[in-house]
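Just below is one structure, and these are the notes that go with it.
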Amino acid sequence: MTSPVWHPFFQHGLEEAIPLVSRAEGALLHLADGGTLIDGISSWWVTTHGHCHPRIAAAIAAQAGQLDQLIFAGYTHEPAEQVARGLIDLAPHSTDCDPLAHVFFSDSGSTAVEVALKMALGYWHNRALDGLADPRHRILVLQHSYHGDTIGAMSVGERGVYNAAWTPLLFDVGTIPFPYHGQEKETLDALETACAQNPAAFIVEPLILGAGGMLIYSPAVLQEMAAICARHDVLFIVDEVMTGWGRTGTLFSCEQAGVVPDIMAVAKGITGGAIPLAATLATSRIFDAHRSTDRSRLFYHSSSYTANAIACAAAVANLAIWREEDVLGRIATLSKGMAERLAQLGEDPAFTNPRQLGVIAAIDLIAADAGYLSDLGPRLRAFFLEQGILLRPLGNTIYLMPPYCLDVDQLDRIFAALSKAGDIFGVPA
């Protein structure tokens with residue numbers, strides 16, 4: 001029987017296999033046919049502590065029997081209040097910057113970014129209404145970025161075949177070149193020039209670009225980008241949707257640069273990856289620009305499931321895990337194991353450019369058909385599926401982003417499969 005399901009980022013015309021997953025535990029996905037898969041990418045970068053974590057699952061079950069959903073326009077509930085307070089406590093802090101002090105809930109990384117953009121533009125709109133600033137509308141973005149698949153999020157991401165159909169709907173942005181090693185000055189000079197023209201905001205993925213190819217840049221560059229924005233009073237927005245919750249070795253990537261942004265988007269690991277939830281954190285000046293006795297100046301954004309109580313309960317449990325358990329210790333151990341094996345794989349002539357940040361590791365397979373739209377990606381996915389591993393290469397870039405519970409044997413199996421993939425699909429330089 002043909003399934004009626006239309007899958008995301010999946011070309012059904014290629015008739016690739018679609019495994020049926022029946023249950024999950026830790027780093028393992030159990031298939032309906034009796035097989036298992038090691039989840040090497042945290043099921044699209046969301047699962048942190050492991051699938052079906054007992055503390056998070058119990059919190060979801062308990063909340064489902066108490067309060068499932070509540071309109072959040074003018075009402076609240078305790079799980080949301082706990083999550084908001086917890087996020088503020090854990091957010092990047094600095095004595096030199098205004099703290100992130102307000103939390104706006106949404107339901108995905110894309111919507112968290114949409115909220116961030118609307119906050120920034122709303123800030124300048126309301127400042128102009130008060131005669132405190134000239135209107136500002138332009139958004140600056142970093143080359144090769146990805147921020148989601150809604151219209152605003154696509155507008156501030158890289159343009160290409162993946163959003164070509166919707167080009168007429170995307171708004172114009174200013175693009176800052178990516179700070180490749182040795183080219184950092186060009187990036188910072190370009191940002192300085194662009195900021196002098198009074199844009200509204202600059203949005204970045206801090207330290208590593210995900211879908212853009214796992215491109216890494218230094219904390220020093222992130223710090224200087226934030227400083228340039230501050231000098232020109234350009235709002236600095238960081239998208240910690242993928243990079244947050246320990247992926248880069250710290251709870252949030254901004255910590256490594258000592259940066260406190262004006263606006264920060266978080267999602268994915270906010271619930272440990274168990275259930276959708278997102279949040280956009282902002283400083284008081286962003287909030288205060290929208291606060292008024294004039295109802296026409298309220299922040300016009302919401303969704304039906306804003307701050308869903310069950311999702312917030314999962315987030316409360318996740319925050320407790322971060323407070324009470326040595327999650328960063330587990331991350332450090334896993335990161336070390338990945339680094340050792342990645343170094344060995346980097347000596348294989350079928351691979352090039354090994355790179356790692358925290359528990360995100362990537363390496364490029366040298367192949368004749370290495371383009372993003374070549375059939376290499378689907379063939380690699382099928383091969384890893386045969387090896388009992390869930391990986392989803394970006395063209396010829398094979399990356400790992402496993403849950404923090406991954407054990408040594410599972411890690412060895414993944415790297416053995418990577419080595420075998422090099423033997424089969426690689427073309428030595």
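Identifiers in the structure tokens: chain A, B, ... in order shown; residue index from 1 per chain; ligand index from 1 in order shown.
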Can you check which parts of region 201-221 of chain A lie within 9 Å of region 384-403 of chain A? Per residue, the shortest pair of atoms and distance in Å to one decimal, counting only C-alpha atoms, sorted by chain and number, as a Markdown table.
```
| residue | atom | partner | partner_atom | distance |
| --- | --- | --- | --- | --- |
| A:Ala211 | CA | A:Leu394 | CA | 7.3 |
| A:Gly212 | CA | A:Leu394 | CA | 8.4 |
| A:Gly213 | CA | A:Leu394 | CA | 6.6 |
| A:Met214 | CA | A:Tyr399 | CA | 7.7 |
```
- Message: For the alpha helix (DSSP H) assignment from backbone DSSP, which residues of region 235-416 of chain A qualify? Please present them as a count of residues only.
- Response: 62
Sort by chain and increasing residue number a table of all residues of region 209-282 of chain A within 10 Å of region 87-97 of chain A, each with its closest pair of atoms and their distance in Å to one decimal, counting only C-alpha atoms, and write it as a Markdown table.
```
| residue | atom | partner | partner_atom | distance |
| --- | --- | --- | --- | --- |
| A:Ala230 | CA | A:Cys97 | CA | 9.8 |
| A:Leu251 | CA | A:Leu90 | CA | 8.1 |
| A:Phe252 | CA | A:Pro92 | CA | 7.2 |
| A:Ser253 | CA | A:Pro92 | CA | 8.9 |
| A:Cys254 | CA | A:Pro92 | CA | 6.6 |
| A:Glu255 | CA | A:Pro92 | CA | 5.8 |
| A:Gln256 | CA | A:Pro92 | CA | 9.6 |
| A:Ala257 | CA | A:Pro92 | CA | 9.9 |
| A:Gly258 | CA | A:Ser94 | CA | 7.0 |
| A:Val259 | CA | A:Pro92 | CA | 7.0 |
| A:Val260 | CA | A:Pro92 | CA | 5.6 |
| A:Pro261 | CA | A:Pro92 | CA | 8.3 |
| A:Asp262 | CA | A:Cys97 | CA | 9.0 |
| A:Met264 | CA | A:Ala91 | CA | 9.0 |
| A:Val266 | CA | A:Leu87 | CA | 9.6 |
| A:Ile270 | CA | A:Leu87 | CA | 9.2 |
| A:Ala279 | CA | A:Leu87 | CA | 9.0 |
| A:Leu281 | CA | A:Ile88 | CA | 8.0 |
| A:Ala282 | CA | A:Ile88 | CA | 9.7 |
```
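Every protein or nucleic acid residue with an atom no more than 12 Å from Gln66 (chain A), counting only C-alpha atoms and leaving out same-chain residues fewer than 3 positions away, appears here: Ala59, Ile60, Ala61, Ala62, Gln63, Gln69, Leu70, His77, Glu78, Pro79, Ala309, Ile310 and Ala313 of chain A.
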Keeping only N, CA and C atoms, take the residues you just selected and write them out as a PDB file, in the first residue's frame.
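Now in selection35.pdb:
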```pdb
ATOM      1  N   ALA A  59       7.826  13.703  32.494  1.00  0.00           N
ATOM      2  CA  ALA A  59       7.280  15.053  32.599  1.00  0.00           C
ATOM      3  C   ALA A  59       6.176  15.282  31.574  1.00  0.00           C
ATOM      4  N   ILE A  60       6.369  14.763  30.372  1.00  0.00           N
ATOM      5  CA  ILE A  60       5.340  14.888  29.332  1.00  0.00           C
ATOM      6  C   ILE A  60       4.069  14.158  29.753  1.00  0.00           C
ATOM      7  N   ALA A  61       4.215  12.943  30.252  1.00  0.00           N
ATOM      8  CA  ALA A  61       3.056  12.150  30.660  1.00  0.00           C
ATOM      9  C   ALA A  61       2.297  12.822  31.797  1.00  0.00           C
ATOM     10  N   ALA A  62       3.024  13.332  32.773  1.00  0.00           N
ATOM     11  CA  ALA A  62       2.364  13.972  33.911  1.00  0.00           C
ATOM     12  C   ALA A  62       1.624  15.235  33.484  1.00  0.00           C
ATOM     13  N   GLN A  63       2.256  16.028  32.619  1.00  0.00           N
ATOM     14  CA  GLN A  63       1.622  17.282  32.192  1.00  0.00           C
ATOM     15  C   GLN A  63       0.400  17.019  31.321  1.00  0.00           C
ATOM     16  N   GLN A  69      -3.130  22.210  26.811  1.00  0.00           N
ATOM     17  CA  GLN A  69      -2.994  23.358  25.926  1.00  0.00           C
ATOM     18  C   GLN A  69      -3.777  24.532  26.489  1.00  0.00           C
ATOM     19  N   LEU A  70      -3.221  25.718  26.322  1.00  0.00           N
ATOM     20  CA  LEU A  70      -3.860  26.934  26.830  1.00  0.00           C
ATOM     21  C   LEU A  70      -3.554  28.086  25.888  1.00  0.00           C
ATOM     22  N   HIS A  77       0.863  29.741  32.276  1.00  0.00           N
ATOM     23  CA  HIS A  77       0.854  28.529  33.091  1.00  0.00           C
ATOM     24  C   HIS A  77       2.248  28.333  33.668  1.00  0.00           C
ATOM     25  N   GLU A  78       2.342  27.543  34.706  1.00  0.00           N
ATOM     26  CA  GLU A  78       3.592  27.422  35.440  1.00  0.00           C
ATOM     27  C   GLU A  78       4.736  26.824  34.620  1.00  0.00           C
ATOM     28  N   PRO A  79       4.501  25.792  33.793  1.00  0.00           N
ATOM     29  CA  PRO A  79       5.633  25.292  33.005  1.00  0.00           C
ATOM     30  C   PRO A  79       6.282  26.371  32.130  1.00  0.00           C
ATOM     31  N   ALA A 309       1.682  23.694  26.904  1.00  0.00           N
ATOM     32  CA  ALA A 309       2.030  23.279  28.266  1.00  0.00           C
ATOM     33  C   ALA A 309       2.811  21.963  28.305  1.00  0.00           C
ATOM     34  N   ILE A 310       2.459  21.022  27.437  1.00  0.00           N
ATOM     35  CA  ILE A 310       3.166  19.736  27.423  1.00  0.00           C
ATOM     36  C   ILE A 310       4.600  19.934  26.947  1.00  0.00           C
ATOM     37  N   ALA A 313       6.575  21.535  29.682  1.00  0.00           N
ATOM     38  CA  ALA A 313       6.919  20.576  30.732  1.00  0.00           C
ATOM     39  C   ALA A 313       8.149  19.767  30.339  1.00  0.00           C
TER      40      ALA A 313
END
```
Kindly provide the residues of region 39-149 of chain A that approach region 189-207 of chain A to within 12 Å, each paired with its closest atom pair and their distance in Å to one decimal, based on only C-alpha atoms, listed by chain and increasing number, as a tab-separated table.
```
residue	atom	partner	partner_atom	distance
A:Val113	CA	A:Ile203	CA	9.2
A:Glu114	CA	A:Ile203	CA	11.3
A:Ala116	CA	A:Ile203	CA	9.1
A:Leu117	CA	A:Ala201	CA	8.1
A:Lys118	CA	A:Ala201	CA	10.6
A:Met119	CA	A:Ala201	CA	10.2
A:Ala120	CA	A:Ala201	CA	6.6
A:Leu121	CA	A:Ala200	CA	6.6
A:Gly122	CA	A:Ala200	CA	9.8
A:Tyr123	CA	A:Ala200	CA	8.8
A:Trp124	CA	A:Ala200	CA	7.0
A:His125	CA	A:Ala200	CA	9.8
A:Arg127	CA	A:Ala200	CA	11.5
A:Ala128	CA	A:Ala200	CA	11.9
A:Ala133	CA	A:Asn198	CA	10.6
A:Asp134	CA	A:Asn198	CA	9.1
A:Pro135	CA	A:Ala200	CA	8.5
A:Arg136	CA	A:Ala200	CA	5.0
A:His137	CA	A:Ala200	CA	5.4
A:Arg138	CA	A:Pro199	CA	4.8
A:Ile139	CA	A:Ala201	CA	5.1
A:Leu140	CA	A:Phe202	CA	4.5
A:Val141	CA	A:Ile203	CA	5.4
A:Leu142	CA	A:Val204	CA	6.0
A:Gln143	CA	A:Val204	CA	9.3
A:His144	CA	A:Glu205	CA	10.0
A:Ser145	CA	A:Glu205	CA	7.0
A:Tyr146	CA	A:Glu205	CA	8.0
A:His147	CA	A:Glu205	CA	8.0
A:Gly148	CA	A:Glu205	CA	11.5
```
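Shortest atom-to-atom contact with Phe287 (chain A) among A:Asn163, A:Gln344, A:Gln410, A:Asn126: A:Asn126, counting only C-alpha atoms.
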- Assign secondary structure with DSSP using the backbone only, and return the residues of region 50-234 of chain A in strand (DSSP E or B) as a list in words.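 Here is the list: His51, Leu100, Ala101, His102, Val103, Phe104, Phe105, Ser106, Ile139, Leu140, Val141, Leu142, Gly174, Thr175, Ile176, Ala201, Phe202, Ile203, Val204, Ile208, Leu209, Leu215 and Ile216 of chain A.
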If you keep N, CA, C and O atoms, can you produce a file of those selected residues as a compact mmCIF listing (two decimals), in the first residue's frame?
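Written file, again_10.txt:
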```txt
# COMPACT_ATOMS: atom_id res chain seq x y z
N HIS A 51 17.09 9.43 22.97
CA HIS A 51 15.67 9.27 22.69
C HIS A 51 14.91 8.73 23.91
O HIS A 51 15.42 7.90 24.67
N LEU A 100 19.88 39.26 28.32
CA LEU A 100 18.65 38.76 27.72
C LEU A 100 17.65 38.58 28.85
O LEU A 100 17.91 37.84 29.80
N ALA A 101 16.52 39.28 28.76
CA ALA A 101 15.63 39.37 29.92
C ALA A 101 14.18 39.01 29.63
O ALA A 101 13.36 38.96 30.55
N HIS A 102 13.84 38.76 28.36
CA HIS A 102 12.45 38.47 28.00
C HIS A 102 12.41 37.30 27.02
O HIS A 102 13.28 37.17 26.15
N VAL A 103 11.41 36.45 27.15
CA VAL A 103 11.30 35.22 26.37
C VAL A 103 9.97 35.18 25.64
O VAL A 103 8.90 35.30 26.26
N PHE A 104 10.03 35.03 24.32
CA PHE A 104 8.83 34.87 23.50
C PHE A 104 8.82 33.46 22.94
O PHE A 104 9.76 33.05 22.26
N PHE A 105 7.76 32.71 23.20
CA PHE A 105 7.70 31.31 22.78
C PHE A 105 7.14 31.15 21.37
O PHE A 105 6.26 31.90 20.94
N SER A 106 7.64 30.14 20.68
CA SER A 106 7.06 29.72 19.40
C SER A 106 7.25 28.21 19.29
O SER A 106 7.42 27.55 20.31
N ILE A 139 18.24 44.05 6.65
CA ILE A 139 18.83 42.98 7.45
C ILE A 139 20.12 42.52 6.77
O ILE A 139 20.16 42.31 5.56
N LEU A 140 21.17 42.37 7.57
CA LEU A 140 22.43 41.81 7.08
C LEU A 140 22.51 40.33 7.46
O LEU A 140 22.05 39.94 8.55
N VAL A 141 23.09 39.54 6.57
CA VAL A 141 23.20 38.10 6.80
C VAL A 141 24.61 37.64 6.47
O VAL A 141 25.36 38.34 5.78
N LEU A 142 24.96 36.45 6.95
CA LEU A 142 26.27 35.87 6.67
C LEU A 142 26.15 34.89 5.50
O LEU A 142 25.23 34.07 5.46
N GLY A 174 21.44 42.28 2.85
CA GLY A 174 22.84 42.53 2.58
C GLY A 174 23.66 41.36 3.05
O GLY A 174 23.53 40.92 4.20
N THR A 175 24.51 40.82 2.18
CA THR A 175 25.26 39.60 2.50
C THR A 175 26.71 39.92 2.82
O THR A 175 27.40 40.59 2.06
N ILE A 176 27.16 39.42 3.97
CA ILE A 176 28.54 39.58 4.42
C ILE A 176 29.29 38.29 4.11
O ILE A 176 28.81 37.20 4.42
N ALA A 201 19.56 45.12 11.55
CA ALA A 201 20.11 44.01 12.32
C ALA A 201 21.04 43.16 11.46
O ALA A 201 20.99 43.21 10.22
N PHE A 202 21.87 42.39 12.14
CA PHE A 202 22.75 41.40 11.52
C PHE A 202 22.47 40.08 12.21
O PHE A 202 22.51 39.97 13.43
N ILE A 203 22.16 39.02 11.43
CA ILE A 203 21.85 37.71 11.99
C ILE A 203 22.92 36.71 11.59
O ILE A 203 23.35 36.68 10.42
N VAL A 204 23.36 35.89 12.56
CA VAL A 204 24.40 34.90 12.28
C VAL A 204 24.08 33.59 12.97
O VAL A 204 23.38 33.54 13.99
N ILE A 208 29.50 28.11 13.79
CA ILE A 208 29.43 27.07 12.76
C ILE A 208 28.13 27.19 11.98
O ILE A 208 27.06 27.38 12.55
N LEU A 209 28.24 27.11 10.66
CA LEU A 209 27.07 27.12 9.79
C LEU A 209 26.67 25.68 9.52
O LEU A 209 27.49 24.89 9.02
N LEU A 215 30.53 24.82 8.17
CA LEU A 215 31.65 25.74 8.06
C LEU A 215 31.90 26.39 9.41
O LEU A 215 30.98 26.94 10.03
N ILE A 216 33.14 26.37 9.87
CA ILE A 216 33.49 26.82 11.22
C ILE A 216 34.30 28.11 11.15
O ILE A 216 35.17 28.27 10.29
```
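Computed from the coordinates, the CA of Glu347 (chain A) to CA of Pro378 (chain A) distance equals 25.0 Å.
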Skip Thr36 (chain A) itself and residues of its chain fewer than 5 positions away, then list as a PDB file with N, CA, C and O atoms, in the first residue's frame all residues within 9 Å of it, counting only C-alpha atoms.
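Produced file part-v3.pdb, reproduced below:
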```pdb
ATOM      1  N   VAL A  21      10.160   3.304  11.549  1.00  0.00           N
ATOM      2  CA  VAL A  21      10.751   3.249  12.886  1.00  0.00           C
ATOM      3  C   VAL A  21       9.634   3.050  13.903  1.00  0.00           C
ATOM      4  O   VAL A  21       8.657   3.808  13.929  1.00  0.00           O
ATOM      5  N   LEU A  28      19.662   4.699  19.827  1.00  0.00           N
ATOM      6  CA  LEU A  28      19.195   3.681  18.891  1.00  0.00           C
ATOM      7  C   LEU A  28      17.759   3.921  18.433  1.00  0.00           C
ATOM      8  O   LEU A  28      16.882   4.270  19.227  1.00  0.00           O
ATOM      9  N   LEU A  29      17.552   3.696  17.133  1.00  0.00           N
ATOM     10  CA  LEU A  29      16.225   3.668  16.540  1.00  0.00           C
ATOM     11  C   LEU A  29      15.912   2.222  16.185  1.00  0.00           C
ATOM     12  O   LEU A  29      16.715   1.552  15.517  1.00  0.00           O
ATOM     13  N   HIS A  30      14.787   1.721  16.630  1.00  0.00           N
ATOM     14  CA  HIS A  30      14.390   0.339  16.359  1.00  0.00           C
ATOM     15  C   HIS A  30      13.390   0.322  15.209  1.00  0.00           C
ATOM     16  O   HIS A  30      12.367   1.019  15.254  1.00  0.00           O
ATOM     17  N   LEU A  31      13.677  -0.475  14.199  1.00  0.00           N
ATOM     18  CA  LEU A  31      12.855  -0.536  12.994  1.00  0.00           C
ATOM     19  C   LEU A  31      11.775  -1.601  13.113  1.00  0.00           C
ATOM     20  O   LEU A  31      11.926  -2.578  13.847  1.00  0.00           O
ATOM     21  N   GLY A 388      23.413   0.155   9.215  1.00  0.00           N
ATOM     22  CA  GLY A 388      22.704   0.321  10.472  1.00  0.00           C
ATOM     23  C   GLY A 388      22.955   1.658  11.139  1.00  0.00           C
ATOM     24  O   GLY A 388      22.941   1.755  12.375  1.00  0.00           O
ATOM     25  N   ILE A 389      23.139   2.696  10.322  1.00  0.00           N
ATOM     26  CA  ILE A 389      23.455   4.022  10.855  1.00  0.00           C
ATOM     27  C   ILE A 389      22.630   5.076  10.135  1.00  0.00           C
ATOM     28  O   ILE A 389      22.515   5.054   8.900  1.00  0.00           O
TER      29      ILE A 389
END
```
Dump as a Markdown table the rows for residues of region 190-256 of chain A within 10 Å of region 331-337 of chain A: closest atom pair and distance in Å with one decimal, only C-alpha atoms counted, ordered by chain and rising residue number.
```
| residue | atom | partner | partner_atom | distance |
| --- | --- | --- | --- | --- |
| A:Gly246 | CA | A:Ile331 | CA | 7.2 |
| A:Arg247 | CA | A:Ile331 | CA | 8.1 |
| A:Thr248 | CA | A:Ile331 | CA | 9.0 |
| A:Gly249 | CA | A:Ile331 | CA | 6.5 |
| A:Thr250 | CA | A:Ile331 | CA | 8.8 |
```
Would you mind exporting the chosen residues as a short mmCIF file (atom, residue, chain, number, x, y, z; two decimals), in the first residue's frame, restricted to all heavy atoms?
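Contents of result_27.cif, freshly written:
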```
data_model
loop_
_atom_site.label_atom_id
_atom_site.label_comp_id
_atom_site.auth_asym_id
_atom_site.auth_seq_id
_atom_site.Cartn_x
_atom_site.Cartn_y
_atom_site.Cartn_z
N GLY A 246 24.64 22.65 23.94
CA GLY A 246 25.84 21.86 24.09
C GLY A 246 26.52 21.38 22.83
O GLY A 246 27.60 20.79 22.90
N ARG A 247 25.94 21.61 21.67
CA ARG A 247 26.49 21.03 20.45
C ARG A 247 27.93 21.45 20.19
O ARG A 247 28.74 20.67 19.67
CB ARG A 247 25.63 21.43 19.24
CG ARG A 247 24.23 20.85 19.26
CD ARG A 247 24.23 19.34 19.16
NE ARG A 247 22.87 18.81 19.13
CZ ARG A 247 22.56 17.54 19.25
NH1 ARG A 247 23.52 16.64 19.39
NH2 ARG A 247 21.30 17.14 19.24
N THR A 248 28.27 22.70 20.53
CA THR A 248 29.62 23.18 20.20
C THR A 248 30.57 23.09 21.39
O THR A 248 31.68 23.61 21.35
CB THR A 248 29.57 24.64 19.71
OG1 THR A 248 29.12 25.50 20.77
CG2 THR A 248 28.64 24.77 18.51
N GLY A 249 30.14 22.41 22.47
CA GLY A 249 31.00 22.21 23.62
C GLY A 249 30.64 23.06 24.82
O GLY A 249 31.07 22.77 25.94
N THR A 250 29.90 24.13 24.60
CA THR A 250 29.35 24.94 25.68
C THR A 250 27.84 24.96 25.52
O THR A 250 27.32 24.65 24.45
CB THR A 250 29.90 26.37 25.65
OG1 THR A 250 29.75 26.92 24.33
CG2 THR A 250 31.37 26.39 26.04
#
```
- Atom pair CA of Ile263 (chain A) / CA of Cys229 (chain A): separation (Å):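 CA of Cys229 (chain A) lies 12.6 Å from CA of Ile263 (chain A).
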- Task: Just give me the gap between CA of Glu16 (chain A) and CA of Asp423 (chain A) in Å, one decimal is fine.
- Result: 22.6 Å
